[in-house]
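Remarks on the structure that follows.
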Amino acid sequence: MRIGVDIDGVLADHVRGILPRIEAKYGLRLNYEDLSAWRYAVGESDMLLEIMEAMEDPEWVTALPVYEGVAQGLAGLRELGRVSIVTARPEGAVQATLAWLEGNQLAFDEFIRCENADKPAQAIDVLVDDHLPNVCDFVVRGNGVGVLLDRPWNREGREGMAEPLGGGRLRVVKGVGETVALLGAAQLHGHGLRFS
Ligand SMILES: [Mg+2]
């Protein structure tokens, strides 16, 4: 099983990492749970733009908090197959990202930097991601299964996606640990991997 794992919103709590920067820059105090959209507006800017800007700061990248239990979760995934880190972080953040992965003892087999739109083209059977369009594209364009991490910014619009995606190819989980159990029970059918 080839498992693609996104970083931001899956392993890294980039949102909790960006909130202090936003407060310092805009005087705006937001809570994690407030972030109800991928491009949540922040003044004339938005969350995605702020995060992309922060990604160019290696100190910020290497200090990002990790979600609870992800080191064990990744280790569990590696027992099931080959783990590829699949991230759309900018090129300038790669070195700091590799240091961050190592510093947090997050083990993987391969590191792939690509645009979000190219995630479905990667040689993976499973995509674990927090961006709803990524997971949906992956399932629609490929033959694998998608695992969506439940986050405040991906709750809207999920119902509309569930129907066309039926057939046991998309699941929502609370954390990477839950993904291990889910994939451990997944089965290889004639057409590809399917959740049981
Ligand atoms: Mg992400």
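Naming works like this for the structure tokens: A, B, ... for the chains as they're shown, residue 1 at the start of each chain, ligands 1 onward in shown order.
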Ligand 1 neighbours within 10 Å using only C-alpha atoms and all ligand atoms, as a PyMOL selection string
chain A and resi 5-14+38+86-89+116+128-132+134+148-149
Mind checking which residues fall within 7 Å of Leu48 in chain A, counting only C-alpha atoms, ignoring those fewer than 2 positions away in the same chain, and posting them as a PDB file with N, CA and C atoms, in the first residue's frame?
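Saved result, selection.pdb, follows:
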```pdb
ATOM      1  N   TRP A  38     -10.977  27.508   4.265  1.00  0.00           N
ATOM      2  CA  TRP A  38      -9.595  27.336   3.812  1.00  0.00           C
ATOM      3  C   TRP A  38      -8.930  28.692   3.588  1.00  0.00           C
ATOM      4  N   ARG A  39      -9.713  29.618   3.012  1.00  0.00           N
ATOM      5  CA  ARG A  39      -9.189  30.963   2.764  1.00  0.00           C
ATOM      6  C   ARG A  39      -9.921  31.968   3.643  1.00  0.00           C
ATOM      7  N   ASP A  46      -5.873  36.676   3.575  1.00  0.00           N
ATOM      8  CA  ASP A  46      -6.598  35.504   4.051  1.00  0.00           C
ATOM      9  C   ASP A  46      -5.610  34.490   4.622  1.00  0.00           C
ATOM     10  N   GLU A  50      -1.429  34.222   4.304  1.00  0.00           N
ATOM     11  CA  GLU A  50      -0.598  34.421   5.501  1.00  0.00           C
ATOM     12  C   GLU A  50       0.293  33.207   5.747  1.00  0.00           C
ATOM     13  N   ILE A  51      -0.261  32.029   5.537  1.00  0.00           N
ATOM     14  CA  ILE A  51       0.514  30.806   5.759  1.00  0.00           C
ATOM     15  C   ILE A  51       1.616  30.684   4.706  1.00  0.00           C
ATOM     16  N   MET A  52       1.294  30.982   3.464  1.00  0.00           N
ATOM     17  CA  MET A  52       2.311  30.890   2.410  1.00  0.00           C
ATOM     18  C   MET A  52       3.451  31.874   2.675  1.00  0.00           C
TER      19      MET A  52
END
```
Could you give me the residues within range 79-183 of chain A that DSSP places in alpha helix (DSSP H), as number ranges by chain?
A: 79-80, 94-103, 132-141, 158-162, 176-183
Using only C-alpha atoms for the distances, tell me which of A:Pro133, A:Ile112, A:Ser84, A:Gly43 is nearest to Glu23 in chain A.
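Of the candidates, the smallest distance to Glu23 in chain A is held by A:Gly43.
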Closest of A:Tyr40, A:Phe108, A:Trp100, A:Trp60 to Gly73 in chain A - atom-to-atom distances counting only C-alpha atoms:
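Of A:Tyr40, A:Phe108, A:Trp100, A:Trp60, the one nearest Gly73 in chain A is A:Phe108, counting only C-alpha atoms.
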In Å, how far is it from CA of Gln105 in chain A to CA of Ala75 in chain A?
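Taking CA of Gln105 in chain A and CA of Ala75 in chain A, their separation equals 9.8 Å.
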Which neighbours of Gln122 in chain A fall inside 12 Å, counting only C-alpha atoms, when residues of the same chain fewer than 3 positions from it are skipped, and could you give them as number ranges by chain?
A: 2-5, 84-87, 110-119, 125-127, 138, 141-144
Atomic separation - CA of Val83 in chain A relative to CA of Leu64 in chain A, Å:
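Between CA of Leu64 in chain A and CA of Val83 in chain A the gap works out to 21.1 Å.
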Could you go through range 2-186 of chain A and tell me which residues DSSP, when run on the backbone, assigns to strand (DSSP E or B), listing them as an NGL selection string?
:A and (2-5 or 8 or 12 or 41-42 or 45-46 or 66 or 82-87 or 110-113 or 126-129 or 145-149 or 170-173)
